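Chemist: Input file: coords_0.cif. Contents: mmCIF, C-alpha atoms, pLDDT in the B column; chains and numbers go by the auth columns.
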data_data
loop_
_atom_site.group_PDB
_atom_site.id
_atom_site.type_symbol
_atom_site.label_atom_id
_atom_site.label_comp_id
_atom_site.label_asym_id
_atom_site.label_seq_id
_atom_site.Cartn_x
_atom_site.Cartn_y
_atom_site.Cartn_z
_atom_site.B_iso_or_equiv
_atom_site.auth_seq_id
_atom_site.auth_asym_id
ATOM 1 C CA MET A 1 0.000 0.000 0.000 62.00 935 A
ATOM 2 C CA VAL A 2 2.883 2.349 0.773 62.00 936 A
ATOM 3 C CA LEU A 3 4.413 1.603 -2.621 61.00 937 A
ATOM 4 C CA VAL A 4 1.123 2.372 -4.402 66.00 938 A
ATOM 5 C CA ALA A 5 0.703 5.600 -2.392 67.00 939 A
ATOM 6 C CA VAL A 6 4.258 6.705 -3.275 63.00 940 A
ATOM 7 C CA CYS A 7 3.721 5.900 -6.962 66.00 941 A
ATOM 8 C CA PHE A 8 0.557 7.992 -7.222 69.00 942 A
ATOM 9 C CA HIS A 9 1.708 10.896 -5.055 66.00 943 A
ATOM 10 C CA PRO A 10 1.811 14.117 -7.128 71.00 944 A
ATOM 11 C CA GLN A 11 5.364 15.028 -6.043 68.00 945 A
ATOM 12 C CA ALA A 12 6.806 11.514 -6.469 62.00 946 A
ATOM 13 C CA GLN A 13 9.763 11.186 -8.824 63.00 947 A
ATOM 14 C CA LEU A 14 9.733 7.600 -9.886 62.00 948 A
ATOM 15 C CA GLY A 15 12.885 7.649 -11.960 65.00 949 A
ATOM 16 C CA THR A 16 13.409 5.490 -14.995 62.00 950 A
ATOM 17 C CA VAL A 17 12.481 1.895 -15.768 57.00 951 A
ATOM 18 C CA PRO A 18 16.128 0.719 -15.593 66.00 952 A
ATOM 19 C CA THR A 19 16.377 2.124 -12.044 68.00 953 A
ATOM 20 C CA TRP A 20 13.307 0.144 -10.972 61.00 954 A
ATOM 21 C CA ILE A 21 14.580 -3.031 -12.630 70.00 955 A
ATOM 22 C CA SER A 22 17.916 -2.586 -10.883 73.00 956 A
ATOM 23 C CA ALA A 23 16.200 -2.088 -7.507 70.00 957 A
ATOM 24 C CA PHE A 24 14.037 -5.200 -7.937 70.00 958 A
ATOM 25 C CA GLY A 25 17.129 -7.168 -9.014 77.00 959 A
ATOM 26 C CA ALA A 26 18.997 -6.104 -5.867 78.00 960 A
ATOM 27 C CA VAL A 27 16.100 -7.161 -3.645 77.00 961 A
ATOM 28 C CA ALA A 28 15.791 -10.514 -5.452 79.00 962 A
ATOM 29 C CA THR A 29 19.555 -11.100 -5.088 85.00 963 A
ATOM 30 C CA CYS A 30 19.376 -10.356 -1.362 80.00 964 A
ATOM 31 C CA VAL A 31 16.464 -12.782 -0.897 80.00 965 A
ATOM 32 C CA GLY A 32 18.327 -15.438 -2.918 84.00 966 A
ATOM 33 C CA VAL A 33 21.471 -15.071 -0.793 84.00 967 A
ATOM 34 C CA LEU A 34 19.459 -15.371 2.433 83.00 968 A
ATOM 35 C CA LEU A 35 17.708 -18.527 1.176 81.00 969 A
ATOM 36 C CA ALA A 36 21.027 -20.034 0.067 79.00 970 A
ATOM 37 C CA LEU A 37 22.564 -19.292 3.473 81.00 971 A
ATOM 38 C CA LYS A 38 19.639 -20.926 5.261 80.00 972 A
ATOM 39 C CA THR A 39 19.882 -24.001 3.004 74.00 973 A
ATOM 40 C CA TYR A 40 23.650 -24.217 3.596 72.00 974 A
ATOM 41 C CA ARG A 41 23.223 -24.077 7.385 76.00 975 A
ATOM 42 C CA THR A 42 20.514 -26.745 7.296 69.00 976 A
ATOM 43 C CA GLN A 43 22.657 -29.054 5.138 67.00 977 A
ATOM 44 C CA LYS A 44 25.703 -28.477 7.343 67.00 978 A
ATOM 45 C CA GLN A 45 23.705 -29.383 10.476 66.00 979 A
ATOM 46 C CA GLN A 46 22.310 -32.512 8.804 62.00 980 A
ATOM 47 C CA GLY A 47 25.823 -33.498 7.673 62.00 981 A
ATOM 48 C CA LEU A 48 27.197 -33.081 11.199 62.00 982 A
ATOM 49 C CA GLU A 49 24.365 -35.199 12.604 68.00 983 A
ATOM 50 C CA GLU A 50 25.107 -37.939 10.061 77.00 984 A
ATOM 51 C CA GLN A 51 28.834 -37.758 10.890 83.00 985 A
ATOM 52 C CA ALA A 52 28.079 -38.334 14.585 88.00 986 A
ATOM 53 C CA ASN A 53 26.191 -41.602 13.963 90.00 987 A
ATOM 54 C CA GLN A 54 29.118 -43.875 14.877 92.00 988 A
ATOM 55 C CA ALA A 55 30.100 -41.780 17.909 92.00 989 A
ATOM 56 C CA ARG A 56 26.509 -42.076 19.198 93.00 990 A
ATOM 57 C CA LEU A 57 26.934 -45.865 19.305 93.00 991 A
ATOM 58 C CA ILE A 58 29.799 -45.673 21.808 94.00 992 A
ATOM 59 C CA ASN A 59 28.687 -46.063 25.399 93.00 993 A
ATOM 60 C CA ALA A 60 30.380 -45.595 28.773 94.00 994 A
ATOM 61 C CA VAL A 61 29.198 -47.724 31.686 93.00 995 A
ATOM 62 C CA LEU A 62 30.190 -46.983 35.302 92.00 996 A
ATOM 63 C CA MET A 63 30.118 -49.706 37.971 93.00 997 A
ATOM 64 C CA PRO A 64 31.319 -49.566 41.567 90.00 998 A
ATOM 65 C CA GLY A 65 34.324 -51.726 42.366 89.00 999 A
ATOM 66 C CA THR A 66 35.945 -52.929 45.554 87.00 1000 A
ATOM 67 C CA GLN A 67 37.034 -50.712 48.440 86.00 1001 A
ATOM 68 C CA ARG A 68 40.668 -49.662 48.753 82.00 1002 A
ATOM 69 C CA ASP A 69 41.855 -47.754 51.799 80.00 1003 A
ATOM 70 C CA GLY A 70 38.241 -47.331 52.933 81.00 1004 A
ATOM 71 C CA LYS A 71 37.085 -45.761 49.648 86.00 1005 A
ATOM 72 C CA PHE A 72 35.149 -47.236 46.770 88.00 1006 A
ATOM 73 C CA THR A 73 36.814 -47.714 43.411 91.00 1007 A
ATOM 74 C CA TRP A 74 34.937 -47.500 40.128 93.00 1008 A
ATOM 75 C CA TRP A 75 35.116 -49.450 36.875 94.00 1009 A
ATOM 76 C CA VAL A 76 34.657 -47.634 33.556 95.00 1010 A
ATOM 77 C CA THR A 77 33.741 -49.752 30.549 95.00 1011 A
ATOM 78 C CA ILE A 78 33.726 -48.174 27.081 95.00 1012 A
ATOM 79 C CA GLU A 79 31.629 -50.217 24.642 96.00 1013 A
ATOM 80 C CA ASN A 80 31.824 -49.985 20.850 96.00 1014 A
ATOM 81 C CA ARG A 81 28.316 -50.940 19.707 95.00 1015 A
ATOM 82 C CA SER A 82 28.958 -49.798 16.125 94.00 1016 A
ATOM 83 C CA ASP A 83 29.898 -52.008 13.171 94.00 1017 A
ATOM 84 C CA LYS A 84 33.324 -50.349 12.654 94.00 1018 A
ATOM 85 C CA SER A 85 36.443 -49.865 14.752 95.00 1019 A
ATOM 86 C CA ILE A 86 37.117 -46.663 16.657 95.00 1020 A
ATOM 87 C CA TYR A 87 40.555 -45.355 17.558 95.00 1021 A
ATOM 88 C CA GLY A 88 42.343 -43.409 20.281 94.00 1022 A
ATOM 89 C CA VAL A 89 39.620 -43.880 22.904 94.00 1023 A
ATOM 90 C CA HIS A 90 40.763 -41.846 25.912 95.00 1024 A
ATOM 91 C CA VAL A 91 38.822 -41.394 29.153 94.00 1025 A
ATOM 92 C CA ARG A 92 39.742 -37.820 30.109 92.00 1026 A
ATOM 93 C CA SER A 93 38.008 -37.426 33.452 91.00 1027 A
ATOM 94 C CA LEU A 94 35.746 -39.203 35.908 92.00 1028 A
ATOM 95 C CA ARG A 95 34.036 -38.150 39.101 91.00 1029 A
ATOM 96 C CA ALA A 96 31.963 -40.268 41.454 89.00 1030 A
ATOM 97 C CA GLN A 97 31.216 -40.910 45.109 87.00 1031 A
ATOM 98 C CA VAL A 98 33.872 -42.884 46.942 89.00 1032 A
ATOM 99 C CA ALA A 99 32.208 -42.801 50.376 85.00 1033 A
ATOM 100 C CA GLU A 100 28.663 -43.798 51.343 82.00 1034 A
ATOM 101 C CA GLU A 101 27.529 -40.279 52.242 82.00 1035 A
ATOM 102 C CA GLY A 102 30.218 -38.235 50.507 80.00 1036 A
ATOM 103 C CA PRO A 103 30.068 -35.909 47.520 86.00 1037 A
ATOM 104 C CA ALA A 104 31.310 -36.768 44.040 86.00 1038 A
ATOM 105 C CA VAL A 105 35.071 -36.310 43.794 89.00 1039 A
ATOM 106 C CA ARG A 106 37.673 -36.473 41.035 90.00 1040 A
ATOM 107 C CA LEU A 107 39.012 -39.932 40.343 91.00 1041 A
ATOM 108 C CA SER A 108 42.282 -41.137 38.864 91.00 1042 A
ATOM 109 C CA PRO A 109 42.890 -44.278 36.741 93.00 1043 A
ATOM 110 C CA MET A 110 44.768 -47.067 38.450 90.00 1044 A
ATOM 111 C CA ALA A 111 46.496 -50.310 37.586 87.00 1045 A
ATOM 112 C CA ILE A 112 47.050 -53.224 39.969 82.00 1046 A
ATOM 113 C CA THR A 113 50.156 -55.352 39.497 83.00 1047 A
ATOM 114 C CA LYS A 114 50.522 -58.519 41.550 83.00 1048 A
ATOM 115 C CA ILE A 115 53.996 -59.284 42.851 86.00 1049 A
ATOM 116 C CA GLY A 116 53.736 -62.596 44.610 85.00 1050 A
ATOM 117 C CA GLU A 117 51.322 -62.023 47.498 85.00 1051 A
ATOM 118 C CA LEU A 118 51.552 -58.233 47.247 84.00 1052 A
ATOM 119 C CA GLU A 119 49.543 -55.875 45.057 79.00 1053 A
ATOM 120 C CA LEU A 120 51.226 -52.790 43.656 81.00 1054 A
ATOM 121 C CA VAL A 121 48.766 -49.993 42.792 81.00 1055 A
ATOM 122 C CA THR A 122 50.031 -47.492 40.236 85.00 1056 A
ATOM 123 C CA GLY A 123 48.587 -44.875 37.928 84.00 1057 A
ATOM 124 C CA ALA A 124 47.370 -45.926 34.509 87.00 1058 A
ATOM 125 C CA ILE A 125 46.635 -44.380 31.142 88.00 1059 A
ATOM 126 C CA PRO A 126 42.927 -44.901 30.434 91.00 1060 A
ATOM 127 C CA MET A 127 43.350 -45.217 26.681 93.00 1061 A
ATOM 128 C CA GLU A 128 42.784 -47.843 24.016 94.00 1062 A
ATOM 129 C CA ARG A 129 44.458 -47.459 20.606 94.00 1063 A
ATOM 130 C CA GLU A 130 41.814 -49.433 18.711 95.00 1064 A
ATOM 131 C CA LEU A 131 38.450 -50.705 19.857 94.00 1065 A
ATOM 132 C CA LYS A 132 37.030 -53.115 17.309 96.00 1066 A
ATOM 133 C CA ALA A 133 33.325 -53.365 16.515 94.00 1067 A
ATOM 134 C CA GLY A 134 31.325 -55.038 19.268 94.00 1068 A
ATOM 135 C CA THR A 135 34.147 -54.982 21.836 96.00 1069 A
ATOM 136 C CA SER A 136 34.852 -52.992 25.004 95.00 1070 A
ATOM 137 C CA PHE A 137 37.673 -52.081 27.347 93.00 1071 A
ATOM 138 C CA ARG A 138 37.710 -51.462 31.097 93.00 1072 A
ATOM 139 C CA THR A 139 39.714 -49.300 33.449 93.00 1073 A
ATOM 140 C CA GLN A 140 39.564 -49.011 37.218 93.00 1074 A
ATOM 141 C CA TRP A 141 39.546 -45.640 38.998 93.00 1075 A
ATOM 142 C CA ARG A 142 40.188 -44.464 42.563 91.00 1076 A
ATOM 143 C CA ALA A 143 40.033 -41.195 44.487 87.00 1077 A
ATOM 144 C CA ILE A 144 42.875 -38.775 43.780 77.00 1078 A
ATOM 145 C CA ASP A 145 45.043 -38.429 46.870 65.00 1079 A
ATOM 146 C CA ASP A 146 45.434 -34.673 47.025 56.00 1080 A
ATOM 147 C CA GLY A 147 44.423 -32.324 49.802 53.00 1081 A
ATOM 148 C CA ASP A 148 41.683 -30.671 47.728 52.00 1082 A
ATOM 149 C CA ASN A 149 39.829 -33.875 46.869 49.00 1083 A
ATOM 150 C CA THR A 150 37.234 -33.567 49.635 49.00 1084 A
ATOM 151 C CA SER A 151 35.470 -30.578 48.039 51.00 1085 A
ATOM 152 C CA HIS A 152 32.499 -31.013 45.722 56.00 1086 A
ATOM 153 C CA VAL A 153 33.465 -31.183 42.049 60.00 1087 A
ATOM 154 C CA ASP A 154 31.132 -29.890 39.348 68.00 1088 A
ATOM 155 C CA GLY A 155 31.160 -30.901 35.714 70.00 1089 A
ATOM 156 C CA PRO A 156 30.460 -34.067 33.774 79.00 1090 A
ATOM 157 C CA ILE A 157 30.591 -37.436 35.506 90.00 1091 A
ATOM 158 C CA ILE A 158 32.624 -38.940 32.675 93.00 1092 A
ATOM 159 C CA GLN A 159 34.285 -37.332 29.684 93.00 1093 A
ATOM 160 C CA TYR A 160 36.096 -39.178 26.898 94.00 1094 A
ATOM 161 C CA THR A 161 37.368 -38.633 23.365 94.00 1095 A
ATOM 162 C CA LEU A 162 37.580 -40.962 20.385 95.00 1096 A
ATOM 163 C CA THR A 163 38.345 -40.970 16.688 94.00 1097 A
ATOM 164 C CA ASP A 164 35.698 -42.574 14.479 93.00 1098 A
ATOM 165 C CA ALA A 165 36.338 -44.797 11.466 92.00 1099 A
ATOM 166 C CA ASN A 166 36.415 -41.723 9.182 91.00 1100 A
ATOM 167 C CA GLY A 167 39.105 -39.923 11.213 91.00 1101 A
ATOM 168 C CA ARG A 168 36.822 -37.401 12.946 92.00 1102 A
ATOM 169 C CA VAL A 169 37.537 -36.695 16.630 94.00 1103 A
ATOM 170 C CA TRP A 170 34.637 -36.534 19.090 94.00 1104 A
ATOM 171 C CA LEU A 171 34.264 -35.417 22.708 94.00 1105 A
ATOM 172 C CA ILE A 172 31.520 -37.181 24.663 94.00 1106 A
ATOM 173 C CA ALA A 173 30.419 -36.164 28.148 92.00 1107 A
ATOM 174 C CA ASP A 174 28.042 -38.309 30.202 89.00 1108 A
ATOM 175 C CA ASN A 175 26.871 -40.219 27.097 83.00 1109 A
ATOM 176 C CA ASN A 176 25.272 -37.031 25.765 90.00 1110 A
ATOM 177 C CA GLU A 177 25.335 -35.904 22.138 90.00 1111 A
ATOM 178 C CA PRO A 178 28.911 -36.149 20.730 92.00 1112 A
ATOM 179 C CA GLU A 179 30.694 -32.861 20.038 91.00 1113 A
ATOM 180 C CA LYS A 180 33.070 -32.722 17.076 89.00 1114 A
ATOM 181 C CA ILE A 181 36.453 -31.276 18.066 90.00 1115 A
ATOM 182 C CA ALA A 182 39.707 -30.459 16.298 86.00 1116 A
ATOM 183 C CA ARG A 183 42.252 -33.217 15.945 76.00 1117 A
ATOM 184 C CA PRO A 184 44.914 -32.838 18.660 66.00 1118 A
ATOM 185 C CA ALA A 185 48.469 -32.158 17.536 58.00 1119 A
ATOM 186 C CA ARG A 186 50.731 -35.181 17.530 56.00 1120 A
ATOM 187 C CA PRO A 187 54.091 -35.010 19.320 54.00 1121 A
ATOM 188 C CA SER A 188 55.956 -35.506 16.012 51.00 1122 A
ATOM 189 C CA ASP A 189 54.048 -32.551 14.485 47.00 1123 A
ATOM 190 C CA GLN A 190 55.041 -30.389 17.456 44.00 1124 A
ATOM 191 C CA ARG A 191 58.702 -31.379 17.087 45.00 1125 A
ATOM 192 C CA ARG A 192 58.648 -30.434 13.413 45.00 1126 A
ATOM 193 C CA ARG A 193 57.299 -26.985 14.220 46.00 1127 A
ATOM 194 C CA VAL A 194 59.950 -26.344 16.897 45.00 1128 A
ATOM 195 C CA VAL A 195 62.912 -27.312 14.695 40.00 1129 A
#
As structure tokens, what does this structure read like?

Modeler:
Amino acid sequence: MVLVAVCFHPQAQLGTVPTWISAFGAVATCVGVLLALKTYRTQKQQGLEEQANQARLINAVLMPGTQRDGKFTWWVTIENRSDKSIYGVHVRSLRAQVAEEGPAVRLSPMAITKIGELELVTGAIPMERELKAGTSFRTQWRAIDDGDNTSHVDGPIIQYTLTDANGRVWLIADNNEPEKIARPARPSDQRRRVV
């Protein structure tokens, strides 16, 4: 209605036909760019969701273990329920209760080595280079022995990373939706940059 009123106003200077064609062309181009951008974003989101399909089939299961030094230990099992191998599975952090009435605290991976009748408890690296389809791996965790461990710890219960069969790296927290992250630098790549 405003356009019609402007066109029929006695003082309106409508210009030439080429000016109007140019103006309509600019508006049409702007609308086309906005539609293309919306389509691109939709396709990118759909592509990311399809990429995450294998990472969604990886599951972390937490189970309480035995008591050591009066505190509960925990078992973490990472299961590959997909039909392809995954690589570089690394449990980054874990928190859980280690006392009946206590808060959730940070835990540290542990390894138990038997030496005759004795058991030697050491730290461990909670990582598996390759986890084939339909398999799992387990690590045991205990409370970190530092002075600050008694305070309540916020954040995810479990957080782990993995590389899917197509080489994409994913961060998964508490078995929620996987988040695609950048591939970490390898030590050999870092050495090359320093030299």

Chemist: Would you write out, as a PyMOL selection string, every residue that the PyMOL selection byres ((chain A and resi 1023) around 8) captures in this file?

Modeler: chain A and resi 1020-1022+1024-1025+1061-1065+1094-1097

Chemist: To test your reading of the syntax: which residues would the PyMOL selection byres ((chain A and resi 1013) around 8) return for the file shown? Reply as an MDAnalysis selection string.

Modeler: chainID A and resid 992:995 1011:1012 1014:1015 1068:1071

Chemist: What do you get, as a list in words, if you spell out every residue that the PyMOL selection byres ((chain A and resi 1027) around 8) selects here?

Modeler: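 Against this file, the PyMOL selection byres ((chain A and resi 1027) around 8) returns the residues Val1025, Arg1026, Leu1028, Arg1029, Arg1040, Leu1041, Ser1042, Ile1091, Ile1092, Gln1093 and Tyr1094 of chain A.
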
Chemist: So that I have them on file, write out the residues from the current selection with C-alpha atoms, as a PDB file, keeping the file's coordinate frame.

Modeler:
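Just written: out35.pdb:
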ATOM      1  CA  VAL A1025      38.822 -41.394  29.153  1.00 94.00           C
ATOM      2  CA  ARG A1026      39.742 -37.820  30.109  1.00 92.00           C
ATOM      3  CA  LEU A1028      35.746 -39.203  35.908  1.00 92.00           C
ATOM      4  CA  ARG A1029      34.036 -38.150  39.101  1.00 91.00           C
ATOM      5  CA  ARG A1040      37.673 -36.473  41.035  1.00 90.00           C
ATOM      6  CA  LEU A1041      39.012 -39.932  40.343  1.00 91.00           C
ATOM      7  CA  SER A1042      42.282 -41.137  38.864  1.00 91.00           C
ATOM      8  CA  ILE A1091      30.591 -37.436  35.506  1.00 90.00           C
ATOM      9  CA  ILE A1092      32.624 -38.940  32.675  1.00 93.00           C
ATOM     10  CA  GLN A1093      34.285 -37.332  29.684  1.00 93.00           C
ATOM     11  CA  TYR A1094      36.096 -39.178  26.898  1.00 94.00           C
TER      12      TYR A1094
END

Chemist: Could you check which residues have any atom within 9 Å of (34.8, -44.4, 14.4), counting all atoms listed in the file with coordinates taken straight from the file, and then list them as a PyMOL selection string?

Modeler: chain A and resi 988-989+1016+1018-1021+1096-1103

Chemist: Calculated over all atoms listed in the file, which of the candidates A:Ala986, A:Leu996, A:Leu971, A:Ala962 has the smallest distance to Glu1113 (chain A)?

Modeler: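 Under the stated criterion, the closest residue is A:Ala986.
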
Chemist: Calculate how many Å separate CA of Ile1115 (chain A) from CA of Gln985 (chain A), rounding to one decimal.

Modeler: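 It comes out at 12.3 Å.
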
Chemist: When distances are computed from all atoms listed in the file, which of A:Ala1030, A:Ile1049, A:Val961, A:Leu991 shows the smallest separation from Phe1006 (chain A)?

Modeler: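 That would be A:Ala1030, the residue with the smallest distance to Phe1006 (chain A).
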